[in-house]
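Here is the file model.txt (compact mmCIF, C-alpha atoms).
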```txt
# COMPACT_ATOMS: atom_id res chain seq x y z
CA MET A 17 62.26 83.95 52.42
CA GLY A 18 62.04 87.41 50.90
CA VAL A 19 63.34 89.05 54.08
CA LYS A 20 66.28 86.65 54.35
CA GLN A 21 67.25 87.20 50.74
CA ALA A 22 67.06 90.95 51.27
CA LEU A 23 69.36 90.69 54.28
CA LYS A 24 71.82 88.53 52.32
CA SER A 25 71.94 91.14 49.60
CA LEU A 26 73.27 93.62 52.18
CA ASP A 27 76.23 91.37 53.04
CA ALA A 28 79.41 93.43 52.45
CA PHE A 29 81.65 90.41 52.99
CA PRO A 30 80.57 87.67 50.59
CA ARG A 31 82.41 84.37 50.95
CA ALA A 32 83.59 82.24 48.04
CA GLU A 33 83.50 78.49 48.03
CA GLU A 34 86.51 76.79 49.56
CA HIS A 35 87.56 75.13 46.29
CA LEU A 36 87.54 78.51 44.55
CA LEU A 37 90.15 79.99 46.92
CA GLN A 38 93.79 79.84 45.84
CA LYS A 39 96.58 80.20 48.36
CA THR A 40 100.00 81.31 47.14
CA GLN A 41 103.46 81.75 48.61
CA SER A 42 103.47 85.45 47.74
CA GLY A 43 100.17 85.86 49.56
CA ALA A 44 101.58 84.10 52.62
CA LEU A 45 104.60 86.40 52.60
CA VAL A 46 102.44 89.52 52.33
CA SER A 47 100.18 88.22 55.14
CA VAL A 48 103.11 87.65 57.51
CA VAL A 49 104.54 91.09 56.76
CA GLY A 50 101.09 92.65 57.25
CA LEU A 51 100.61 90.91 60.60
CA LEU A 52 104.00 92.13 61.84
CA ILE A 53 103.18 95.70 60.78
CA MET A 54 99.76 95.57 62.45
CA ALA A 55 101.25 94.16 65.69
CA THR A 56 103.88 96.91 65.75
CA LEU A 57 101.28 99.62 65.14
CA PHE A 58 99.00 98.14 67.82
CA VAL A 59 101.76 98.26 70.43
CA HIS A 60 102.63 101.82 69.40
CA GLU A 61 99.02 102.97 69.68
CA LEU A 62 98.59 101.23 73.03
CA ARG A 63 101.67 102.97 74.45
CA TYR A 64 100.44 106.28 73.02
CA TYR A 65 97.09 105.76 74.76
CA LEU A 66 98.64 104.82 78.11
CA THR A 67 101.10 107.74 78.06
CA THR A 68 99.88 110.86 79.84
CA TYR A 69 100.31 114.37 78.52
CA THR A 70 100.29 117.71 80.33
CA VAL A 71 98.01 120.74 79.97
CA HIS A 72 99.15 124.14 81.27
CA GLN A 73 96.75 126.66 82.79
CA MET A 74 97.39 130.05 84.39
CA SER A 75 95.54 131.87 87.15
CA VAL A 76 96.13 134.55 89.78
CA ASP A 77 98.13 133.37 92.80
CA LEU A 78 95.83 133.53 95.85
CA LYS A 79 98.17 131.93 98.40
CA ARG A 80 98.85 133.89 101.58
CA GLY A 81 100.73 133.29 104.79
CA GLU A 82 102.75 130.34 103.52
CA THR A 83 106.49 129.79 103.65
CA LEU A 84 108.78 129.35 100.68
CA PRO A 85 111.16 126.35 100.88
CA ILE A 86 114.58 126.90 99.31
CA HIS A 87 116.62 123.75 98.67
CA ILE A 88 120.36 124.46 98.53
CA ASN A 89 123.23 122.20 97.57
CA MET A 90 126.44 124.09 96.77
CA THR A 91 130.17 123.56 96.97
CA PHE A 92 132.75 126.26 97.72
CA PRO A 93 136.09 124.65 96.84
CA ALA A 94 138.24 127.55 98.10
CA LEU A 95 136.54 128.49 101.41
CA PRO A 96 136.51 126.45 104.64
CA CYS A 97 133.26 125.83 106.48
CA ASP A 98 134.40 127.92 109.48
CA VAL A 99 134.13 131.17 107.50
CA LEU A 100 130.96 130.50 105.50
CA SER A 101 127.57 131.71 106.66
CA VAL A 102 124.11 131.63 105.12
CA ASP A 103 122.17 134.86 105.66
CA ALA A 104 118.63 135.73 104.57
CA VAL A 105 116.66 138.97 104.39
CA ASP A 106 113.21 139.77 102.99
CA MET A 107 111.11 142.81 102.13
CA SER A 108 109.48 142.84 105.55
CA GLY A 109 112.85 143.72 107.11
CA LYS A 110 113.46 140.34 108.69
CA HIS A 111 117.19 139.65 108.68
CA GLU A 112 118.50 136.23 109.69
CA VAL A 113 122.26 135.94 110.13
CA ASP A 114 124.31 132.75 109.94
CA LEU A 115 121.35 130.44 109.39
CA ASP A 116 122.03 126.95 110.66
CA THR A 117 118.54 125.51 111.01
CA ASN A 118 118.24 122.63 108.54
CA ILE A 119 121.59 123.61 107.03
CA TRP A 120 124.57 121.26 106.96
CA LYS A 121 128.18 122.08 106.16
CA LEU A 122 130.48 119.31 104.92
CA ARG A 123 134.21 119.88 105.15
CA LEU A 124 135.99 118.89 101.95
CA ASN A 125 139.66 118.25 101.32
CA SER A 126 141.54 119.51 98.26
CA HIS A 127 140.24 116.53 96.26
CA GLY A 128 136.60 117.22 97.15
CA HIS A 129 136.24 114.30 99.56
CA ILE A 130 134.27 114.72 102.79
CA ILE A 131 136.42 114.97 105.94
CA GLY A 132 133.88 116.26 108.46
CA THR A 133 130.31 117.39 109.06
CA GLU A 134 129.02 120.45 110.86
CA TYR A 135 125.42 121.03 111.90
CA VAL A 136 124.25 123.61 114.43
CA SER A 137 120.59 124.00 115.34
CA ASP A 138 120.89 127.51 116.77
CA LEU A 139 119.44 130.39 114.77
CA VAL A 140 120.75 133.91 115.21
CA GLU A 141 117.93 136.24 114.21
CA LYS A 142 117.94 140.00 114.09
CA GLU A 143 115.23 142.47 113.11
CA HIS A 144 116.01 145.61 111.14
CA SER A 145 113.59 148.42 110.45
CA HIS A 146 115.58 149.69 107.47
CA LYS A 147 115.99 148.01 104.11
CA HIS A 148 118.84 145.62 103.64
CA ASP A 149 121.38 146.79 101.08
CA ASP A 150 123.24 143.86 99.57
CA GLY A 151 126.16 146.08 98.64
CA LYS A 152 127.03 147.12 102.20
CA ASP A 153 129.47 145.54 104.57
CA HIS A 154 127.47 143.00 106.59
CA HIS A 155 130.06 142.30 109.26
CA ASP A 156 128.63 142.99 112.68
CA ASP A 157 129.52 142.50 116.31
CA LYS A 158 128.13 138.95 116.45
CA ASP A 159 131.47 137.49 117.43
CA LYS A 160 131.79 140.02 120.25
CA GLU A 161 128.43 138.85 121.56
CA VAL A 162 129.30 135.17 121.27
CA TYR A 163 132.66 135.31 123.00
CA PRO A 164 132.71 136.36 126.67
CA GLN A 165 134.78 139.35 127.74
CA GLY A 166 138.49 138.47 127.98
CA ALA A 167 138.14 135.27 126.00
CA PHE A 168 137.42 136.99 122.67
CA ASP A 169 141.08 137.47 121.71
CA GLN A 170 142.06 133.86 122.39
CA ALA A 171 139.00 132.46 120.63
CA ALA A 172 139.58 134.74 117.65
CA GLU A 173 143.25 133.71 117.44
CA ASP A 174 142.27 130.03 117.51
CA LEU A 175 139.74 130.63 114.74
CA ILE A 176 142.26 132.52 112.62
CA LYS A 177 144.89 129.78 112.98
CA ARG A 178 142.38 127.06 112.19
CA VAL A 179 141.06 128.80 109.10
CA LYS A 180 144.51 129.69 107.77
CA HIS A 181 145.58 126.07 108.18
CA ALA A 182 142.46 124.91 106.33
CA ILE A 183 143.06 127.36 103.48
CA ALA A 184 146.69 126.27 103.20
CA ASN A 185 145.53 122.64 102.88
CA GLY A 186 143.06 123.57 100.12
CA GLU A 187 140.04 122.82 102.25
CA GLY A 188 136.57 123.57 100.85
CA CYS A 189 133.00 123.33 102.04
CA ARG A 190 129.72 121.91 100.80
CA VAL A 191 126.60 123.69 102.03
CA PHE A 192 123.23 121.97 101.69
CA GLY A 193 119.84 121.94 103.33
CA VAL A 194 116.50 123.73 103.25
CA LEU A 195 115.67 127.34 104.10
CA ASP A 196 112.07 128.14 105.00
CA VAL A 197 111.55 131.85 104.35
CA GLN A 198 108.51 134.07 104.18
CA ARG A 199 106.63 134.11 100.88
CA VAL A 200 107.73 137.63 99.96
CA ALA A 201 110.53 139.04 97.84
CA GLY A 202 113.97 138.90 99.42
CA ASN A 203 117.40 137.40 99.09
CA PHE A 204 119.72 134.93 100.72
CA HIS A 205 123.46 134.92 100.35
CA ILE A 206 126.42 132.76 101.25
CA SER A 207 129.52 134.67 102.27
CA VAL A 208 132.05 135.39 105.00
CA HIS A 209 129.77 138.06 106.49
CA GLY A 210 129.31 135.96 109.64
CA LEU A 211 132.92 136.64 110.61
CA ASN A 212 134.02 139.52 112.75
CA ILE A 213 135.49 142.10 110.38
CA PHE A 214 138.86 142.13 112.18
CA ALA A 215 139.13 138.35 112.07
CA ALA A 216 138.21 138.37 108.39
CA GLN A 217 140.86 140.98 107.67
CA MET A 218 143.54 138.96 109.46
CA ILE A 219 142.54 135.72 107.73
CA PHE A 220 142.28 136.96 104.14
CA GLU A 221 144.40 140.14 104.33
CA GLY A 222 141.86 142.00 102.25
CA SER A 223 138.55 141.30 100.58
CA ARG A 224 140.19 140.74 97.18
CA ASN A 225 141.66 137.48 98.48
CA VAL A 226 138.27 135.94 99.27
CA ASN A 227 137.65 133.38 96.53
CA VAL A 228 133.91 132.74 96.24
CA SER A 229 134.22 130.16 93.46
CA HIS A 230 131.23 127.86 93.70
CA ILE A 231 129.40 124.94 92.13
CA ILE A 232 125.60 124.81 92.32
CA HIS A 233 124.59 121.17 92.43
CA ASP A 234 120.94 121.89 93.15
CA LEU A 235 118.87 124.99 93.76
CA SER A 236 115.11 124.67 93.82
CA PHE A 237 112.08 126.25 95.47
CA GLY A 238 110.02 123.21 96.26
CA PRO A 239 109.72 119.53 95.37
CA LYS A 240 110.46 118.40 91.84
CA TYR A 241 107.83 117.14 89.43
CA PRO A 242 108.23 115.22 86.14
CA GLY A 243 109.77 117.41 83.45
CA ILE A 244 110.87 120.30 85.68
CA HIS A 245 114.04 122.15 84.70
CA ASN A 246 115.95 124.14 87.30
CA PRO A 247 118.26 126.41 85.26
CA LEU A 248 120.97 126.73 87.93
CA ASP A 249 121.52 123.00 88.50
CA GLY A 250 125.05 122.04 87.49
CA THR A 251 126.28 125.65 87.32
CA ASP A 252 129.94 126.20 88.22
CA ARG A 253 131.72 129.53 88.53
CA ILE A 254 135.43 129.20 89.23
CA LEU A 255 137.58 132.29 89.76
CA HIS A 256 141.32 132.48 89.11
CA ASP A 257 143.44 135.32 90.52
CA THR A 258 140.41 137.53 91.02
CA SER A 259 137.41 137.93 93.27
CA GLY A 260 134.00 139.55 93.23
CA THR A 261 130.32 139.22 94.00
CA PHE A 262 127.94 136.95 92.13
CA LYS A 263 124.29 137.95 91.94
CA TYR A 264 121.56 135.67 90.64
CA TYR A 265 118.27 137.47 89.98
CA ILE A 266 115.53 134.89 90.25
CA LYS A 267 111.88 135.16 89.21
CA ILE A 268 109.82 132.49 90.96
CA VAL A 269 106.61 131.21 89.36
CA PRO A 270 104.25 129.38 91.78
CA THR A 271 103.29 126.03 90.26
CA GLU A 272 100.81 123.26 90.99
CA TYR A 273 101.34 119.85 89.42
CA ARG A 274 98.22 117.69 89.31
CA TYR A 275 98.89 114.00 88.74
CA ILE A 276 96.51 111.72 86.86
CA SER A 277 95.65 110.24 90.28
CA LYS A 278 94.30 113.70 91.34
CA GLU A 279 97.20 114.20 93.76
CA VAL A 280 98.32 117.85 93.87
CA LEU A 281 101.98 118.81 94.30
CA PRO A 282 102.56 122.50 95.16
CA THR A 283 105.99 123.70 94.07
CA ASN A 284 107.71 126.52 92.16
CA GLN A 285 109.52 127.06 88.88
CA PHE A 286 111.94 129.90 88.29
CA SER A 287 113.94 131.78 85.69
CA VAL A 288 117.27 133.45 86.39
CA THR A 289 119.66 136.09 85.14
CA GLU A 290 123.24 136.34 86.36
CA TYR A 291 125.53 139.26 87.14
CA PHE A 292 129.15 139.29 88.33
CA SER A 293 130.75 142.34 89.89
CA PRO A 294 134.56 142.07 90.17
CA MET A 295 136.29 143.53 93.21
CA LYS A 296 138.04 146.84 92.73
CA GLN A 297 141.09 148.08 94.55
CA PHE A 298 139.38 150.31 97.09
CA ASP A 299 136.11 148.38 97.55
CA ARG A 300 135.10 148.08 101.19
CA THR A 301 132.54 145.35 100.56
CA TRP A 302 133.29 141.64 100.86
CA PRO A 303 132.64 139.11 98.09
CA ALA A 304 129.53 136.95 98.34
CA VAL A 305 127.09 134.87 96.31
CA TYR A 306 123.64 136.47 96.30
CA PHE A 307 120.34 134.95 95.25
CA LEU A 308 117.79 137.75 94.92
CA TYR A 309 114.30 136.40 94.34
CA ASP A 310 110.87 137.79 93.59
CA LEU A 311 107.54 135.98 93.17
CA SER A 312 105.25 136.15 90.19
CA PRO A 313 101.56 136.94 90.88
CA ILE A 314 100.56 134.23 88.38
CA THR A 315 100.23 130.55 89.28
CA VAL A 316 100.83 127.88 86.64
CA THR A 317 98.77 124.69 86.96
CA ILE A 318 100.09 121.63 85.13
CA LYS A 319 97.61 118.78 84.74
CA GLU A 320 98.35 115.24 83.69
CA GLU A 321 95.68 113.92 81.34
CA ARG A 322 95.12 110.73 79.37
CA ARG A 323 93.51 110.35 75.95
CA SER A 324 89.99 108.92 75.84
CA PHE A 325 89.36 105.26 75.08
CA LEU A 326 87.17 106.24 72.12
CA HIS A 327 90.11 108.16 70.68
CA PHE A 328 92.29 105.06 71.10
CA ILE A 329 89.74 102.80 69.34
CA THR A 330 89.37 105.29 66.46
CA ARG A 331 93.11 105.48 65.85
CA LEU A 332 93.49 101.70 66.22
CA CYS A 333 90.78 100.99 63.62
CA ALA A 334 92.32 103.52 61.26
CA VAL A 335 95.85 102.11 61.35
CA LEU A 336 94.85 98.42 61.38
CA GLY A 337 92.24 98.85 58.67
CA GLY A 338 94.62 100.86 56.53
CA THR A 339 97.33 98.25 56.92
CA PHE A 340 94.91 95.43 56.03
CA ALA A 341 93.72 97.25 52.90
CA LEU A 342 97.27 98.07 51.84
CA THR A 343 98.49 94.47 52.25
CA GLY A 344 95.48 93.21 50.27
CA LEU A 345 96.32 95.61 47.45
CA LEU A 346 99.97 94.55 47.57
CA ASP A 347 98.97 90.87 47.43
CA ARG A 348 96.93 91.41 44.25
CA TRP A 349 99.80 93.28 42.62
CA MET A 350 102.29 90.55 43.48
CA TYR A 351 99.92 87.82 42.27
CA ARG A 352 99.45 89.49 38.89
CA PHE A 353 103.18 90.16 38.61
CA VAL A 354 104.04 86.49 39.29
CA GLU A 355 101.36 85.36 36.82
CA ALA A 356 102.78 87.63 34.16
CA LEU A 357 106.28 86.23 34.68
CA MET A 358 105.02 82.65 34.52
CA ALA A 359 102.96 83.31 31.38
CA LYS A 360 105.94 84.44 29.24
CA PRO A 361 107.92 81.13 29.32
CA HIS A 362 104.68 79.22 28.71
CA ALA A 363 103.88 81.31 25.60
CA ARG A 364 107.38 80.77 24.21
CA SER A 365 107.13 77.00 24.62
CA VAL A 366 103.79 76.96 22.73
CA LEU A 367 105.26 78.91 19.83
CA ARG A 368 108.05 76.39 19.48
```
Any chance you could give the structure as structure tokens?
Amino acid sequence: MGVKQALKSLDAFPRAEEHLLQKTQSGALVSVVGLLIMATLFVHELRYYLTTYTVHQMSVDLKRGETLPIHINMTFPALPCDVLSVDAVDMSGKHEVDLDTNIWKLRLNSHGHIIGTEYVSDLVEKEHSHKHDDGKDHHDDKDKEVYPQGAFDQAAEDLIKRVKHAIANGEGCRVFGVLDVQRVAGNFHISVHGLNIFAAQMIFEGSRNVNVSHIIHDLSFGPKYPGIHNPLDGTDRILHDTSGTFKYYIKIVPTEYRYISKEVLPTNQFSVTEYFSPMKQFDRTWPAVYFLYDLSPITVTIKEERRSFLHFITRLCAVLGGTFALTGLLDRWMYRFVEALMAKPHARSVLR
């Protein structure tokens, strides 16, 4: 019996007899409010526990021999698809002219609606031992190589008529697709450099009449992960009565996103600065939109993590216990307040 009595003395939750308990309306109200608060806090803590958070880590980029995917989706509202070309050049001297592999061109009318699709799987590739200067005139003799001798003039005239008719109708072009380039610094640009210089001169009657207004719907260097922000998405640069060259200087940061399921998504983030060079009267260059990119030697690893179950239980006990203690304190205050109000009329009636 001594041991049992000793254990009972340690009871922190003594129970009163049933007939000694008094239930009140104020206590019921406080109990209901307390239960609602505790249910709300429980749901909030459960969602907080189930929600993942990200941890960022940095390390030296050790990748070699891989390609860099460039996702492009742009609209040129003032240039027909026949005159636009996508060219790429990198630090190794590799120069690819009029890239069409995995690149689509959608013809647009003056209202921006699609009226035709162009896709060519051929790739014209040229090697240059010297460095590529993005300020030089990139027109070459490609058209002379494409058209057979004697048919060049007729083909060029047909192209000029077709392009002039498209420009008069306000035709534009949407360029989208994926470029796979070497994982070294370089640039790609969209311009009229794929045209023969004489055809370009006859079409536009001077480089100052080439309107390279553009809208960047999407530009990314790999798949997207949750929370990524591509700073050029939604960018529009519209020119009125002027022309020039746009240059976007891009710093690419290799990134790995590790999901909570241990799946790894290799991709890239980037930052960008922009420069516009207006055409001058005696410039011999032709307007273009350049994207000059360089890669950072640092890789950012983003990990999804979830809070521990012990952390969840600790927070849950804290908020539920605190709410229970607070509602108990509020119940006692309300009970005493109601008793005090009821005692005053009773005292007055006794005095009378």
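Separating CA of Gly250 in chain A from CA of Lys263 in chain A is a distance of 16.5 Å.
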Report the closest atom pair, with its distance in Å rounded to one decimal, for each residue of range 289-358 of chain A that has an atom no farther than 6 Å from range 251-260 of chain A; count only C-alpha atoms, sort by chain and then rising residue number, and write it as a tab-separated table.
```
residue	atom	partner	partner_atom	distance
A:Ser293	CA	A:Gly260	CA	5.4
A:Pro294	CA	A:Gly260	CA	4.0
A:Met295	CA	A:Gly260	CA	4.6
A:Pro303	CA	A:Gly260	CA	5.1
```
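Between CA of Gly193 in chain A and CA of Asn227 in chain A the interatomic distance comes to 22.2 Å.
Restricting the calculation to all atoms listed in the file, the smallest distance between Val191 in chain A and any of A:Phe220, A:Phe92, A:Phe237, A:Phe204 is found for A:Phe92.
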Quick one: distance from CA of Tyr69 in chain A to CA of Ile318 in chain A in Å, one decimal? 9.8 Å
Would you pull range 52-64 of chain A out of the block just shown and save all heavy atoms as a PDB file, in the first residue's frame?
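The resulting file, result_9.pdb, is reproduced below:
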```
ATOM      1  N   LEU A  52     -11.481  25.165 -31.944  1.00  0.00           N
ATOM      2  CA  LEU A  52     -11.332  25.703 -33.291  1.00  0.00           C
ATOM      3  C   LEU A  52      -9.910  26.234 -33.513  1.00  0.00           C
ATOM      4  O   LEU A  52      -9.299  26.003 -34.568  1.00  0.00           O
ATOM      5  CB  LEU A  52     -12.355  26.815 -33.537  1.00  0.00           C
ATOM      6  CG  LEU A  52     -13.816  26.377 -33.642  1.00  0.00           C
ATOM      7  CD1 LEU A  52     -14.729  27.596 -33.781  1.00  0.00           C
ATOM      8  CD2 LEU A  52     -14.016  25.434 -34.832  1.00  0.00           C
ATOM      9  N   ILE A  53      -9.386  26.934 -32.496  1.00  0.00           N
ATOM     10  CA  ILE A  53      -8.021  27.461 -32.616  1.00  0.00           C
ATOM     11  C   ILE A  53      -7.022  26.318 -32.713  1.00  0.00           C
ATOM     12  O   ILE A  53      -6.098  26.345 -33.552  1.00  0.00           O
ATOM     13  CB  ILE A  53      -7.700  28.374 -31.417  1.00  0.00           C
ATOM     14  CG1 ILE A  53      -8.569  29.633 -31.456  1.00  0.00           C
ATOM     15  CG2 ILE A  53      -6.219  28.765 -31.424  1.00  0.00           C
ATOM     16  CD1 ILE A  53      -8.408  30.533 -30.251  1.00  0.00           C
ATOM     17  N   MET A  54      -7.178  25.292 -31.891  1.00  0.00           N
ATOM     18  CA  MET A  54      -6.242  24.164 -31.921  1.00  0.00           C
ATOM     19  C   MET A  54      -6.325  23.400 -33.238  1.00  0.00           C
ATOM     20  O   MET A  54      -5.297  22.961 -33.774  1.00  0.00           O
ATOM     21  CB  MET A  54      -6.513  23.237 -30.742  1.00  0.00           C
ATOM     22  CG  MET A  54      -6.016  23.791 -29.407  1.00  0.00           C
ATOM     23  SD  MET A  54      -6.072  22.604 -28.045  1.00  0.00           S
ATOM     24  CE  MET A  54      -7.829  22.612 -27.692  1.00  0.00           C
ATOM     25  N   ALA A  55      -7.530  23.251 -33.800  1.00  0.00           N
ATOM     26  CA  ALA A  55      -7.666  22.571 -35.096  1.00  0.00           C
ATOM     27  C   ALA A  55      -6.989  23.373 -36.202  1.00  0.00           C
ATOM     28  O   ALA A  55      -6.301  22.806 -37.071  1.00  0.00           O
ATOM     29  CB  ALA A  55      -9.151  22.362 -35.414  1.00  0.00           C
ATOM     30  N   THR A  56      -7.164  24.692 -36.165  1.00  0.00           N
ATOM     31  CA  THR A  56      -6.529  25.549 -37.175  1.00  0.00           C
ATOM     32  C   THR A  56      -5.011  25.469 -37.080  1.00  0.00           C
ATOM     33  O   THR A  56      -4.306  25.345 -38.093  1.00  0.00           O
ATOM     34  CB  THR A  56      -6.997  27.002 -36.999  1.00  0.00           C
ATOM     35  OG1 THR A  56      -8.420  27.061 -37.086  1.00  0.00           O
ATOM     36  CG2 THR A  56      -6.380  27.896 -38.065  1.00  0.00           C
ATOM     37  N   LEU A  57      -4.498  25.541 -35.841  1.00  0.00           N
ATOM     38  CA  LEU A  57      -3.045  25.471 -35.661  1.00  0.00           C
ATOM     39  C   LEU A  57      -2.495  24.099 -36.037  1.00  0.00           C
ATOM     40  O   LEU A  57      -1.382  23.991 -36.579  1.00  0.00           O
ATOM     41  CB  LEU A  57      -2.694  25.790 -34.208  1.00  0.00           C
ATOM     42  CG  LEU A  57      -2.954  27.236 -33.765  1.00  0.00           C
ATOM     43  CD1 LEU A  57      -2.655  27.408 -32.281  1.00  0.00           C
ATOM     44  CD2 LEU A  57      -2.128  28.211 -34.588  1.00  0.00           C
ATOM     45  N   PHE A  58      -3.267  23.036 -35.789  1.00  0.00           N
ATOM     46  CA  PHE A  58      -2.817  21.696 -36.180  1.00  0.00           C
ATOM     47  C   PHE A  58      -2.679  21.577 -37.694  1.00  0.00           C
ATOM     48  O   PHE A  58      -1.681  21.046 -38.201  1.00  0.00           O
ATOM     49  CB  PHE A  58      -3.798  20.651 -35.651  1.00  0.00           C
ATOM     50  CG  PHE A  58      -3.515  19.258 -36.148  1.00  0.00           C
ATOM     51  CD1 PHE A  58      -2.489  18.509 -35.593  1.00  0.00           C
ATOM     52  CD2 PHE A  58      -4.265  18.711 -37.185  1.00  0.00           C
ATOM     53  CE1 PHE A  58      -2.220  17.232 -36.060  1.00  0.00           C
ATOM     54  CE2 PHE A  58      -3.993  17.434 -37.654  1.00  0.00           C
ATOM     55  CZ  PHE A  58      -2.969  16.695 -37.086  1.00  0.00           C
ATOM     56  N   VAL A  59      -3.689  22.083 -38.417  1.00  0.00           N
ATOM     57  CA  VAL A  59      -3.626  22.029 -39.885  1.00  0.00           C
ATOM     58  C   VAL A  59      -2.448  22.853 -40.398  1.00  0.00           C
ATOM     59  O   VAL A  59      -1.728  22.433 -41.314  1.00  0.00           O
ATOM     60  CB  VAL A  59      -4.954  22.534 -40.490  1.00  0.00           C
ATOM     61  CG1 VAL A  59      -4.843  22.663 -42.004  1.00  0.00           C
ATOM     62  CG2 VAL A  59      -6.096  21.589 -40.131  1.00  0.00           C
ATOM     63  N   HIS A  60      -2.233  24.021 -39.798  1.00  0.00           N
ATOM     64  CA  HIS A  60      -1.119  24.873 -40.215  1.00  0.00           C
ATOM     65  C   HIS A  60       0.223  24.173 -39.980  1.00  0.00           C
ATOM     66  O   HIS A  60       1.117  24.180 -40.850  1.00  0.00           O
ATOM     67  CB  HIS A  60      -1.172  26.191 -39.450  1.00  0.00           C
ATOM     68  CG  HIS A  60      -0.024  27.110 -39.752  1.00  0.00           C
ATOM     69  ND1 HIS A  60       1.153  27.081 -39.032  1.00  0.00           N
ATOM     70  CD2 HIS A  60       0.137  28.070 -40.714  1.00  0.00           C
ATOM     71  CE1 HIS A  60       1.988  27.974 -39.525  1.00  0.00           C
ATOM     72  NE2 HIS A  60       1.403  28.591 -40.535  1.00  0.00           N
ATOM     73  N   GLU A  61       0.388  23.563 -38.825  1.00  0.00           N
ATOM     74  CA  GLU A  61       1.646  22.874 -38.527  1.00  0.00           C
ATOM     75  C   GLU A  61       1.843  21.651 -39.420  1.00  0.00           C
ATOM     76  O   GLU A  61       2.969  21.338 -39.815  1.00  0.00           O
ATOM     77  CB  GLU A  61       1.661  22.451 -37.058  1.00  0.00           C
ATOM     78  CG  GLU A  61       1.817  23.598 -36.082  1.00  0.00           C
ATOM     79  CD  GLU A  61       3.114  24.355 -36.284  1.00  0.00           C
ATOM     80  OE1 GLU A  61       4.138  23.696 -36.564  1.00  0.00           O
ATOM     81  OE2 GLU A  61       3.107  25.589 -36.187  1.00  0.00           O
ATOM     82  N   LEU A  62       0.751  20.959 -39.738  1.00  0.00           N
ATOM     83  CA  LEU A  62       0.861  19.799 -40.626  1.00  0.00           C
ATOM     84  C   LEU A  62       1.306  20.220 -42.029  1.00  0.00           C
ATOM     85  O   LEU A  62       2.176  19.580 -42.640  1.00  0.00           O
ATOM     86  CB  LEU A  62      -0.480  19.064 -40.681  1.00  0.00           C
ATOM     87  CG  LEU A  62      -0.518  17.784 -41.523  1.00  0.00           C
ATOM     88  CD1 LEU A  62       0.457  16.759 -40.968  1.00  0.00           C
ATOM     89  CD2 LEU A  62      -1.928  17.222 -41.594  1.00  0.00           C
ATOM     90  N   ARG A  63       0.713  21.297 -42.539  1.00  0.00           N
ATOM     91  CA  ARG A  63       1.122  21.800 -43.856  1.00  0.00           C
ATOM     92  C   ARG A  63       2.570  22.282 -43.826  1.00  0.00           C
ATOM     93  O   ARG A  63       3.326  22.077 -44.783  1.00  0.00           O
ATOM     94  CB  ARG A  63       0.196  22.938 -44.288  1.00  0.00           C
ATOM     95  CG  ARG A  63      -1.226  22.491 -44.593  1.00  0.00           C
ATOM     96  CD  ARG A  63      -2.105  23.661 -44.993  1.00  0.00           C
ATOM     97  NE  ARG A  63      -1.604  24.306 -46.197  1.00  0.00           N
ATOM     98  CZ  ARG A  63      -2.138  25.407 -46.722  1.00  0.00           C
ATOM     99  NH1 ARG A  63      -3.185  25.971 -46.139  1.00  0.00           N
ATOM    100  NH2 ARG A  63      -1.641  25.922 -47.816  1.00  0.00           N
ATOM    101  N   TYR A  64       2.963  22.918 -42.738  1.00  0.00           N
ATOM    102  CA  TYR A  64       4.351  23.382 -42.598  1.00  0.00           C
ATOM    103  C   TYR A  64       5.316  22.205 -42.608  1.00  0.00           C
ATOM    104  O   TYR A  64       6.402  22.269 -43.191  1.00  0.00           O
ATOM    105  CB  TYR A  64       4.475  24.181 -41.303  1.00  0.00           C
ATOM    106  CG  TYR A  64       5.854  24.748 -41.044  1.00  0.00           C
ATOM    107  CD1 TYR A  64       6.341  25.818 -41.779  1.00  0.00           C
ATOM    108  CD2 TYR A  64       6.662  24.207 -40.043  1.00  0.00           C
ATOM    109  CE1 TYR A  64       7.600  26.330 -41.541  1.00  0.00           C
ATOM    110  CE2 TYR A  64       7.925  24.720 -39.802  1.00  0.00           C
ATOM    111  CZ  TYR A  64       8.390  25.778 -40.550  1.00  0.00           C
ATOM    112  OH  TYR A  64       9.640  26.285 -40.305  1.00  0.00           O
TER     113      TYR A  64
END
```
